[in-house]
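Source file input_28.cif; content: mmCIF, C-alpha atoms.
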data_structure
#
loop_
_atom_site.label_atom_id
_atom_site.label_comp_id
_atom_site.auth_asym_id
_atom_site.auth_seq_id
_atom_site.Cartn_x
_atom_site.Cartn_y
_atom_site.Cartn_z
CA THR A 1 7.41 7.91 12.88
CA ALA A 2 6.28 11.09 11.13
CA GLU A 3 9.63 12.65 12.02
CA ALA A 4 11.44 9.62 10.61
CA LEU A 5 9.53 9.89 7.32
CA SER A 6 10.23 13.63 7.17
CA ARG A 7 13.96 13.00 7.65
CA GLU A 8 13.94 10.35 4.94
CA ARG A 9 12.65 12.83 2.40
CA VAL A 10 15.49 15.23 3.23
CA ASP A 11 18.41 13.02 4.21
CA GLY A 12 17.51 9.79 2.45
CA VAL A 13 17.74 6.31 3.96
CA GLU A 14 19.97 3.34 3.28
CA GLY A 15 18.22 0.73 1.16
CA TYR A 16 16.11 2.80 -1.22
CA ARG A 17 15.93 6.22 -2.85
CA VAL A 18 13.22 8.76 -2.04
CA ASP A 19 11.85 11.24 -4.60
CA GLU A 20 9.14 13.22 -2.78
CA GLY A 21 6.18 10.79 -2.65
CA LEU A 22 7.87 8.06 -4.69
CA VAL A 23 10.27 5.36 -3.45
CA TRP A 24 12.77 3.76 -5.83
CA VAL A 25 13.93 0.32 -4.71
CA ASP A 26 16.04 -1.97 -6.87
CA LYS A 27 17.87 -4.48 -4.68
CA GLY A 28 17.18 -7.33 -2.31
CA SER A 29 13.71 -8.77 -1.78
CA LEU A 30 10.36 -7.46 -0.63
CA VAL A 31 7.63 -8.89 1.55
CA VAL A 32 4.60 -7.11 0.08
CA ILE A 33 1.57 -6.68 2.34
CA GLY A 34 -1.85 -5.55 1.13
CA ASP A 35 -4.78 -4.17 3.14
CA ILE A 36 -4.64 -5.01 6.87
CA HIS A 37 -7.61 -2.91 8.10
CA GLY A 38 -7.06 -3.33 11.80
CA ASP A 39 -6.48 -7.10 11.73
CA LEU A 40 -3.51 -7.46 14.07
CA ASP A 41 -3.63 -11.27 13.92
CA SER A 42 -3.08 -11.24 10.16
CA LEU A 43 -0.18 -8.80 10.43
CA VAL A 44 1.51 -10.88 13.14
CA THR A 45 0.90 -14.03 11.07
CA ILE A 46 2.64 -12.46 8.06
CA LEU A 47 5.62 -11.45 10.17
CA ARG A 48 5.82 -14.99 11.51
CA LEU A 49 5.36 -16.82 8.19
CA SER A 50 7.82 -14.55 6.37
CA SER A 51 10.38 -14.77 9.23
CA PHE A 52 11.00 -11.09 8.54
CA LEU A 53 12.60 -10.23 11.87
CA GLU A 54 14.87 -13.27 11.91
CA ARG A 55 15.98 -12.77 8.32
CA VAL A 56 16.72 -9.08 8.76
CA GLU A 57 18.59 -9.71 12.00
CA GLY A 58 20.54 -12.37 10.11
CA GLY A 59 21.69 -9.81 7.55
CA GLU A 60 19.38 -10.65 4.64
CA ASP A 61 18.61 -7.76 2.26
CA LEU A 62 14.86 -7.85 2.87
CA ARG A 63 12.18 -5.15 3.21
CA LEU A 64 8.53 -4.93 4.17
CA LEU A 65 6.44 -2.94 1.71
CA PHE A 66 2.92 -2.03 2.87
CA LEU A 67 0.36 -1.10 0.19
CA GLY A 68 -1.78 0.95 2.60
CA ASP A 69 -5.12 0.65 4.43
CA TYR A 70 -3.73 -0.07 7.88
CA VAL A 71 -6.84 1.20 9.70
CA ASP A 72 -10.67 1.02 9.78
CA ARG A 73 -13.06 -1.93 9.84
CA GLY A 74 -10.94 -3.92 12.29
CA GLU A 75 -11.15 -3.39 16.05
CA LEU A 76 -7.36 -3.27 16.45
CA SER A 77 -6.57 -0.47 14.01
CA PRO A 78 -4.55 1.56 16.57
CA GLU A 79 -2.52 -1.53 17.46
CA VAL A 80 -1.84 -2.34 13.79
CA LEU A 81 -0.61 1.17 13.07
CA TYR A 82 1.45 1.16 16.25
CA LEU A 83 3.17 -2.11 15.29
CA VAL A 84 3.91 -0.86 11.77
CA CYS A 85 5.41 2.31 13.25
CA LEU A 86 7.51 0.28 15.70
CA LEU A 87 8.87 -1.77 12.81
CA LYS A 88 9.64 1.41 10.87
CA LEU A 89 11.51 2.96 13.79
CA ALA A 90 13.43 -0.24 14.51
CA TYR A 91 14.34 -0.93 10.87
CA PRO A 92 14.13 2.42 9.02
CA GLY A 93 15.53 1.26 5.69
CA ARG A 94 13.67 -2.05 5.81
CA VAL A 95 10.06 -0.79 6.03
CA ILE A 96 8.27 1.14 3.26
CA MET A 97 4.88 2.61 4.16
CA LEU A 98 2.60 3.45 1.23
CA ARG A 99 -0.63 5.36 1.64
CA GLY A 100 -4.08 3.80 1.19
CA ASN A 101 -7.41 5.48 0.61
CA HIS A 102 -8.19 4.99 4.32
CA GLU A 103 -5.15 7.19 5.02
CA GLY A 104 -6.18 9.69 2.39
CA PRO A 105 -6.42 13.48 2.52
CA PRO A 106 -9.44 15.11 4.22
CA ASP A 107 -11.12 15.98 0.91
CA LEU A 108 -11.17 12.29 -0.08
CA PRO A 109 -12.81 10.68 2.97
CA SER A 110 -13.31 6.93 3.20
CA PHE A 111 -16.35 5.24 4.73
CA PRO A 112 -16.61 3.86 7.26
CA HIS A 113 -13.74 5.70 8.94
CA ASP A 114 -14.04 4.32 12.45
CA TYR A 115 -10.37 4.65 13.37
CA PRO A 116 -10.76 8.01 15.21
CA TYR A 117 -13.66 6.59 17.23
CA GLN A 118 -11.58 3.59 18.20
CA LEU A 119 -8.91 5.96 19.48
CA THR A 120 -11.28 8.01 21.62
CA ARG A 121 -13.03 4.89 22.91
CA LYS A 122 -9.72 3.37 23.98
CA TYR A 123 -7.79 6.47 25.07
CA GLY A 124 -10.40 9.11 25.87
CA GLN A 125 -9.42 12.73 25.21
CA GLU A 126 -5.86 11.64 24.43
CA GLY A 127 -7.32 9.76 21.46
CA ARG A 128 -8.10 13.06 19.74
CA GLU A 129 -4.44 14.07 19.88
CA LEU A 130 -3.41 10.61 18.70
CA TYR A 131 -5.68 11.00 15.70
CA LYS A 132 -4.10 14.36 14.82
CA LEU A 133 -0.68 12.72 14.98
CA SER A 134 -1.97 9.88 12.80
CA VAL A 135 -3.19 12.32 10.15
CA GLU A 136 0.25 13.96 10.12
CA LEU A 137 1.72 10.51 9.55
CA PHE A 138 -0.74 9.74 6.74
CA GLU A 139 0.30 12.90 4.93
CA LEU A 140 3.94 11.75 4.97
CA MET A 141 3.32 8.22 3.69
CA TYR A 142 4.58 7.53 0.19
CA VAL A 143 2.23 7.47 -2.78
CA ALA A 144 3.96 4.68 -4.68
CA ALA A 145 7.12 2.61 -4.98
CA ILE A 146 8.85 1.49 -8.15
CA SER A 147 11.41 -1.14 -9.04
CA PRO A 148 12.82 0.08 -12.37
CA GLY A 149 12.00 -2.18 -15.29
CA LYS A 150 10.00 -4.52 -13.08
CA TYR A 151 7.21 -3.45 -10.71
CA LEU A 152 5.03 -0.55 -9.69
CA PHE A 153 3.54 -0.74 -6.17
CA LEU A 154 0.61 1.41 -5.04
CA HIS A 155 -2.69 1.12 -3.25
CA GLY A 156 -5.48 1.53 -5.80
CA GLY A 157 -4.56 1.89 -9.45
CA VAL A 158 -2.66 3.74 -12.13
CA PRO A 159 -3.89 7.23 -13.06
CA HIS A 160 -5.51 7.03 -16.48
CA ASN A 161 -3.31 9.77 -17.96
CA LEU A 162 -0.03 8.86 -16.23
CA SER A 163 2.93 9.81 -18.39
CA SER A 164 5.94 9.86 -16.04
CA THR A 165 7.22 8.83 -12.63
CA ASP A 166 7.44 12.52 -11.77
CA GLU A 167 3.64 12.67 -11.66
CA LEU A 168 3.65 9.95 -9.00
CA ALA A 169 6.38 11.67 -7.03
CA LYS A 170 4.46 14.96 -7.05
CA ALA A 171 0.93 13.52 -6.76
CA ARG A 172 0.34 14.93 -3.26
CA LYS A 173 1.68 18.34 -4.23
CA LEU A 174 -0.48 18.43 -7.38
CA HIS A 175 -3.66 17.44 -5.50
CA PRO A 176 -6.47 18.45 -5.96
CA GLN A 177 -5.72 20.38 -9.15
CA LYS A 178 -4.65 17.09 -10.74
CA ARG A 179 -6.30 13.75 -9.97
CA PHE A 180 -3.15 11.64 -9.71
CA LEU A 181 -3.39 11.13 -5.93
CA GLU A 182 -7.11 10.39 -6.03
CA GLU A 183 -6.66 7.78 -8.76
CA VAL A 184 -3.64 6.14 -7.11
CA LEU A 185 -5.64 5.72 -3.89
CA TRP A 186 -9.06 4.85 -5.34
CA ASN A 187 -8.85 3.35 -8.86
CA ASP A 188 -9.75 -0.27 -9.63
CA PRO A 189 -8.94 -2.42 -12.69
CA ASP A 190 -11.82 -3.72 -14.78
CA ASP A 191 -11.33 -6.36 -17.48
CA SER A 192 -14.65 -5.58 -19.16
CA ILE A 193 -13.97 -1.99 -20.27
CA SER A 194 -11.63 0.03 -22.44
CA GLY A 195 -10.39 3.37 -21.13
CA VAL A 196 -12.00 4.55 -17.91
CA THR A 197 -15.44 4.88 -16.38
CA PRO A 198 -16.66 6.41 -13.09
CA SER A 199 -16.16 4.19 -10.06
CA PRO A 200 -19.11 3.01 -7.93
CA ARG A 201 -16.92 3.90 -4.93
CA GLY A 202 -17.69 7.59 -5.53
CA ALA A 203 -14.01 8.49 -6.00
CA GLY A 204 -11.45 7.36 -8.52
CA LEU A 205 -12.14 5.45 -11.74
CA LEU A 206 -12.44 1.97 -13.13
CA PHE A 207 -9.69 1.48 -15.72
CA GLY A 208 -9.31 -1.01 -18.53
CA PRO A 209 -6.37 -3.11 -19.76
CA ASP A 210 -5.37 -0.46 -22.30
CA VAL A 211 -4.89 2.05 -19.47
CA SER A 212 -2.66 -0.37 -17.56
CA GLU A 213 -0.59 -1.08 -20.65
CA ARG A 214 0.00 2.61 -21.39
CA ALA A 215 0.71 3.60 -17.79
CA LEU A 216 3.12 0.75 -17.05
CA SER A 217 4.95 1.45 -20.29
CA ALA A 218 5.16 5.17 -19.42
CA VAL A 219 6.95 4.45 -16.13
CA GLY A 220 9.02 1.58 -17.51
CA VAL A 221 7.74 -1.44 -15.57
CA LYS A 222 6.09 -4.77 -16.34
CA THR A 223 3.59 -5.43 -13.55
CA LEU A 224 1.38 -3.45 -11.17
CA ILE A 225 1.09 -4.81 -7.61
CA ARG A 226 -1.80 -3.18 -5.74
CA GLY A 227 -4.28 -3.68 -2.91
CA HIS A 228 -7.64 -1.97 -2.29
CA GLU A 229 -10.00 -4.85 -3.13
CA PRO A 230 -10.95 -7.96 -1.13
CA CYS A 231 -10.02 -11.23 -2.89
CA LEU A 232 -11.54 -14.63 -2.11
CA ARG A 233 -8.11 -16.31 -2.29
CA GLY A 234 -6.12 -13.29 -1.11
CA THR A 235 -5.08 -12.39 -4.66
CA TYR A 236 -6.56 -11.97 -8.09
CA VAL A 237 -5.03 -11.22 -11.48
CA ALA A 238 -6.42 -8.72 -13.99
CA HIS A 239 -5.56 -7.21 -17.37
CA LYS A 240 -3.92 -10.35 -18.78
CA GLY A 241 -1.33 -10.50 -16.04
CA LEU A 242 -0.40 -6.82 -15.99
CA VAL A 243 -2.10 -6.33 -12.60
CA ILE A 244 -2.23 -8.39 -9.41
CA THR A 245 -4.38 -7.41 -6.43
CA LEU A 246 -3.25 -8.41 -2.93
CA PHE A 247 -5.45 -8.53 0.18
CA SER A 248 -3.73 -9.40 3.45
CA ARG A 249 -6.39 -9.67 6.16
CA LYS A 250 -9.20 -12.08 6.98
CA GLY A 251 -12.46 -12.02 8.86
CA PRO A 252 -15.57 -9.77 8.96
CA PRO A 253 -16.72 -7.75 7.16
CA TYR A 254 -14.88 -9.57 4.35
CA GLY A 255 -15.77 -13.08 3.26
CA ASN A 256 -12.42 -14.09 1.83
CA GLN A 257 -11.27 -17.68 2.44
CA TYR A 258 -7.61 -16.69 2.50
CA ALA A 259 -5.42 -13.67 3.06
CA ALA A 260 -2.11 -13.42 1.24
CA PHE A 261 1.24 -11.70 0.97
CA LEU A 262 3.96 -11.78 -1.67
CA GLU A 263 7.69 -12.29 -1.57
CA VAL A 264 9.26 -10.54 -4.55
CA SER A 265 12.92 -10.75 -5.49
CA LEU A 266 14.18 -7.57 -7.15
CA GLU A 267 17.32 -9.42 -8.29
CA LYS A 268 15.36 -11.62 -10.71
CA PRO A 269 13.49 -10.74 -13.93
CA ALA A 270 10.01 -9.27 -13.51
CA ARG A 271 7.18 -11.73 -13.05
CA SER A 272 3.69 -11.32 -14.46
CA GLY A 273 0.64 -11.19 -12.25
CA TYR A 274 -0.06 -14.84 -13.07
CA GLU A 275 3.43 -15.90 -11.94
CA LEU A 276 3.18 -13.83 -8.76
CA ASP A 277 -0.25 -15.31 -8.05
CA ARG A 278 1.14 -18.85 -8.17
CA LYS A 279 3.90 -17.88 -5.71
CA ALA A 280 1.64 -15.98 -3.28
CA LYS A 281 1.81 -16.99 0.38
CA ARG A 282 -1.72 -17.69 1.63
CA PHE A 283 -3.00 -18.30 5.14
#

Can you give me the file's structure in the form of structure tokens?
Amino acid sequence: TAEALSRERVDGVEGYRVDEGLVWVDKGSLVVIGDIHGDLDSLVTILRLSSFLERVEGGEDLRLLFLGDYVDRGELSPEVLYLVCLLKLAYPGRVIMLRGNHEGPPDLPSFPHDYPYQLTRKYGQEGRELYKLSVELFELMYVAAISPGKYLFLHGGVPHNLSSTDELAKARKLHPQKRFLEEVLWNDPDDSISGVTPSPRGAGLLFGPDVSERALSAVGVKTLIRGHEPCLRGTYVAHKGLVITLFSRKGPPYGNQYAAFLEVSLEKPARSGYELDRKAKRF
């Protein structure tokens, strides 16, 4: 899968355009999946409820877009990542893999990060090599995806000083001199503040509605679709509809009643977070 992502960055792929760490996608529809965190049952449920395989095999212009956090906290993290990779290899132009903070660079560690221990427990010494290969894959995952004039997709939040799509495309290259990658992976929206304030997570920032408004305007979109935070109903809307959070797994250690995914048509006008929330698929 790492080789496939490397080739995409050089040769491109049918279905979307790649600009370093940024994917541009402007046609068809997306099944958008938030944090999975090792919950294989939730991932399989989404594939079943969305009829992704049947629709793609039937010729529909449909893609899976993952917002990151495939691993940690769930006992089946290796199996989740393996299934996502299988889907990517089987349908290269139909699967977009964004990076979450649990797939972040070594200088931005997440806690708990039990994925490597799951690998060694299940596969012994071979698990160490599998983890090295996983880290190579994490480094090649995209930072963000954009549908021009409509949506920005990423894991955490918009950088507070974002001024162009080029800063998203080059976020990995600019790290750690610039904080774009850190903020994309770790930021959270907060309706109660203006500007930014340090995050209780220990990395990234909390950002207010004014930051969302400026950043979305700077990259020419209407709505931010992001993951990173558990939601009782699988989604929640912030910043007067500019931001929707999506959480796509259930069970411990989270107490959410529902998990959710989105189906987003890129052929129709952009929807606000409130409109997307009403259309969310919950299970």

Go ahead and find all residues with at least one atom no further than 10 Å from (6.8, 7.9, 12.0) in the file's coordinates, using all atoms listed in the file; report them as a PyMOL selection string.
chain A and resi 1-7+82+84-89+92+97+133-134+136-138+140-141

Any idea what the distance is between atom CA of Val71 of chain A and atom CA of His102 of chain A?
6.7 Å

Listing only residues of segment 56-146 of chain A within 10 Å of segment 181-204 of chain A, what is the closest atom pair and its distance in Å (to one decimal) for each, using all atoms listed in the file, sorted by chain and residue number ascending, as a tab-separated table?
residue	atom	partner	partner_atom	distance
A:Leu67	CA	A:Leu185	CA	10.0
A:Gly68	CA	A:Leu185	CA	8.9
A:Asp69	CA	A:Leu185	CA	9.8
A:Leu98	CA	A:Leu185	CA	10.0
A:Arg99	CA	A:Leu185	CA	7.5
A:Gly100	CA	A:Leu185	CA	5.7
A:Asn101	CA	A:Leu185	CA	4.8
A:His102	CA	A:Leu185	CA	8.6
A:Glu103	CA	A:Leu185	CA	9.0
A:Gly104	CA	A:Leu185	CA	7.4
A:Pro105	CA	A:Glu182	CA	9.1
A:Asp107	CA	A:Glu182	CA	9.8
A:Leu108	CA	A:Glu182	CA	7.4
A:Pro109	CA	A:Ala203	CA	9.3
A:Ser110	CA	A:Ala203	CA	9.4
A:Phe111	CA	A:Arg201	CA	9.8
A:Val143	CA	A:Leu181	CA	7.4
A:Ala144	CA	A:Val184	CA	8.1

Hey, can you spit out that residue selection with C-alpha atoms as a short mmCIF file (atom, residue, chain, number, x, y, z; two decimals), keeping the file's coordinate frame?
data_model
loop_
_atom_site.label_atom_id
_atom_site.label_comp_id
_atom_site.auth_asym_id
_atom_site.auth_seq_id
_atom_site.Cartn_x
_atom_site.Cartn_y
_atom_site.Cartn_z
CA LEU A 67 0.36 -1.10 0.19
CA GLY A 68 -1.78 0.95 2.60
CA ASP A 69 -5.12 0.65 4.43
CA LEU A 98 2.60 3.45 1.23
CA ARG A 99 -0.63 5.36 1.64
CA GLY A 100 -4.08 3.80 1.19
CA ASN A 101 -7.41 5.48 0.61
CA HIS A 102 -8.19 4.99 4.32
CA GLU A 103 -5.15 7.19 5.02
CA GLY A 104 -6.18 9.69 2.39
CA PRO A 105 -6.42 13.48 2.52
CA ASP A 107 -11.12 15.98 0.91
CA LEU A 108 -11.17 12.29 -0.08
CA PRO A 109 -12.81 10.68 2.97
CA SER A 110 -13.31 6.93 3.20
CA PHE A 111 -16.35 5.24 4.73
CA VAL A 143 2.23 7.47 -2.78
CA ALA A 144 3.96 4.68 -4.68
#

Report as JSON lines: every residue of segment 36-104 of chain A with an atom at most 10 Å from segment 116-123 of chain A, its closest pair of atoms, and their distance in Å to one decimal, counting all atoms listed in the file, with rows sorted by chain and ascending residue number.
{"residue": "A:Val71", "atom": "CA", "partner": "A:Pro116", "partner_atom": "CA", "distance": 9.6}
{"residue": "A:Asp72", "atom": "CA", "partner": "A:Gln118", "partner_atom": "CA", "distance": 8.9}
{"residue": "A:Gly74", "atom": "CA", "partner": "A:Gln118", "partner_atom": "CA", "distance": 9.6}
{"residue": "A:Glu75", "atom": "CA", "partner": "A:Gln118", "partner_atom": "CA", "distance": 7.3}
{"residue": "A:Leu76", "atom": "CA", "partner": "A:Gln118", "partner_atom": "CA", "distance": 8.2}
{"residue": "A:Ser77", "atom": "CA", "partner": "A:Gln118", "partner_atom": "CA", "distance": 7.7}
{"residue": "A:Pro78", "atom": "CA", "partner": "A:Leu119", "partner_atom": "CA", "distance": 6.8}

What does the distance between atom CA of Lys279 of chain A and atom CA of Val264 of chain A come to in Å, to one decimal place?
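Distance reported for this atom pair: 9.2 Å.
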
Which residues, written as a ChimeraX atom specification, have at least one atom at most 8 Å from Val219 of chain A, with all atoms listed in the file counted and residues fewer than 5 positions away on the same chain left out?
/A:163-165

Which residues are close to segment 43-50 of chain A, i.e. within 9 Å by all atoms listed in the file, leaving aside same-chain residues fewer than 4 positions away? Reply as an mmCIF file with C-alpha atoms, in the coordinates of the input.
data_model
loop_
_atom_site.group_PDB
_atom_site.id
_atom_site.type_symbol
_atom_site.label_atom_id
_atom_site.label_comp_id
_atom_site.auth_asym_id
_atom_site.auth_seq_id
_atom_site.Cartn_x
_atom_site.Cartn_y
_atom_site.Cartn_z
ATOM 1 C CA VAL A 31 7.630 -8.890 1.550
ATOM 2 C CA ILE A 33 1.570 -6.680 2.340
ATOM 3 C CA ILE A 36 -4.640 -5.010 6.870
ATOM 4 C CA GLY A 38 -7.060 -3.330 11.800
ATOM 5 C CA ASP A 39 -6.480 -7.100 11.730
ATOM 6 C CA ARG A 55 15.980 -12.770 8.320
ATOM 7 C CA VAL A 80 -1.840 -2.340 13.790
ATOM 8 C CA LEU A 83 3.170 -2.110 15.290
ATOM 9 C CA SER A 248 -3.730 -9.400 3.450
ATOM 10 C CA ARG A 249 -6.390 -9.670 6.160
ATOM 11 C CA ALA A 260 -2.110 -13.420 1.240
ATOM 12 C CA PHE A 261 1.240 -11.700 0.970
ATOM 13 C CA GLU A 263 7.690 -12.290 -1.570
ATOM 14 C CA LYS A 281 1.810 -16.990 0.380
ATOM 15 C CA PHE A 283 -3.000 -18.300 5.140
#

What would the selection look like, as a VMD selection string, if the PyMOL selection byres ((chain A and resi 220-228) around 9) were run on the coordinates I just shared?
chain A and resid 32 to 35 67 to 69 100 to 101 146 to 158 164 to 165 185 to 188 212 to 213 215 to 219 229 to 230 235 241 to 248 270 to 273

Export C-alpha atoms of the chosen residues as a compact mmCIF listing (two decimals), keeping the file's coordinate frame?
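Written output follows (selection_19.txt):
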# COMPACT_ATOMS: atom_id res chain seq x y z
CA VAL A 32 4.60 -7.11 0.08
CA ILE A 33 1.57 -6.68 2.34
CA GLY A 34 -1.85 -5.55 1.13
CA ASP A 35 -4.78 -4.17 3.14
CA LEU A 67 0.36 -1.10 0.19
CA GLY A 68 -1.78 0.95 2.60
CA ASP A 69 -5.12 0.65 4.43
CA GLY A 100 -4.08 3.80 1.19
CA ASN A 101 -7.41 5.48 0.61
CA ILE A 146 8.85 1.49 -8.15
CA SER A 147 11.41 -1.14 -9.04
CA PRO A 148 12.82 0.08 -12.37
CA GLY A 149 12.00 -2.18 -15.29
CA LYS A 150 10.00 -4.52 -13.08
CA TYR A 151 7.21 -3.45 -10.71
CA LEU A 152 5.03 -0.55 -9.69
CA PHE A 153 3.54 -0.74 -6.17
CA LEU A 154 0.61 1.41 -5.04
CA HIS A 155 -2.69 1.12 -3.25
CA GLY A 156 -5.48 1.53 -5.80
CA GLY A 157 -4.56 1.89 -9.45
CA VAL A 158 -2.66 3.74 -12.13
CA SER A 164 5.94 9.86 -16.04
CA THR A 165 7.22 8.83 -12.63
CA LEU A 185 -5.64 5.72 -3.89
CA TRP A 186 -9.06 4.85 -5.34
CA ASN A 187 -8.85 3.35 -8.86
CA ASP A 188 -9.75 -0.27 -9.63
CA SER A 212 -2.66 -0.37 -17.56
CA GLU A 213 -0.59 -1.08 -20.65
CA ALA A 215 0.71 3.60 -17.79
CA LEU A 216 3.12 0.75 -17.05
CA SER A 217 4.95 1.45 -20.29
CA ALA A 218 5.16 5.17 -19.42
CA VAL A 219 6.95 4.45 -16.13
CA GLU A 229 -10.00 -4.85 -3.13
CA PRO A 230 -10.95 -7.96 -1.13
CA THR A 235 -5.08 -12.39 -4.66
CA GLY A 241 -1.33 -10.50 -16.04
CA LEU A 242 -0.40 -6.82 -15.99
CA VAL A 243 -2.10 -6.33 -12.60
CA ILE A 244 -2.23 -8.39 -9.41
CA THR A 245 -4.38 -7.41 -6.43
CA LEU A 246 -3.25 -8.41 -2.93
CA PHE A 247 -5.45 -8.53 0.18
CA SER A 248 -3.73 -9.40 3.45
CA ALA A 270 10.01 -9.27 -13.51
CA ARG A 271 7.18 -11.73 -13.05
CA SER A 272 3.69 -11.32 -14.46
CA GLY A 273 0.64 -11.19 -12.25

Separation of atom CA of Glu129 of chain A from atom CA of Tyr91 of chain A in Å
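Taking atom CA of Tyr91 of chain A and atom CA of Glu129 of chain A, their separation equals 25.7 Å.
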
Considering all atoms listed in the file, can you say which of A:Gln125, A:Gln257, A:Asn161, A:Gln177 comes closest to Gly234 of chain A?
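The closest residue to Gly234 of chain A is A:Gln257.
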
Could you list, as a PyMOL selection string, every residue within 7 Å of segment 169-176 of chain A, counting only C-alpha atoms and ignoring same-chain residues fewer than 4 positions away?
chain A and resi 19-22+165+180-181

Residues as selected, C-alpha atoms, written as an mmCIF file, in the coordinates of the input, can you do that?
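As written to disk, result04.cif reads:
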data_model
loop_
_atom_site.group_PDB
_atom_site.id
_atom_site.type_symbol
_atom_site.label_atom_id
_atom_site.label_comp_id
_atom_site.auth_asym_id
_atom_site.auth_seq_id
_atom_site.Cartn_x
_atom_site.Cartn_y
_atom_site.Cartn_z
ATOM 1 C CA ASP A 19 11.850 11.240 -4.600
ATOM 2 C CA GLU A 20 9.140 13.220 -2.780
ATOM 3 C CA GLY A 21 6.180 10.790 -2.650
ATOM 4 C CA LEU A 22 7.870 8.060 -4.690
ATOM 5 C CA THR A 165 7.220 8.830 -12.630
ATOM 6 C CA PHE A 180 -3.150 11.640 -9.710
ATOM 7 C CA LEU A 181 -3.390 11.130 -5.930
#

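Among the candidates A:Leu53, A:Ala280, A:Arg233, A:Tyr274, the one nearest to Lys250 of chain A when counting all atoms listed in the file is A:Arg233.
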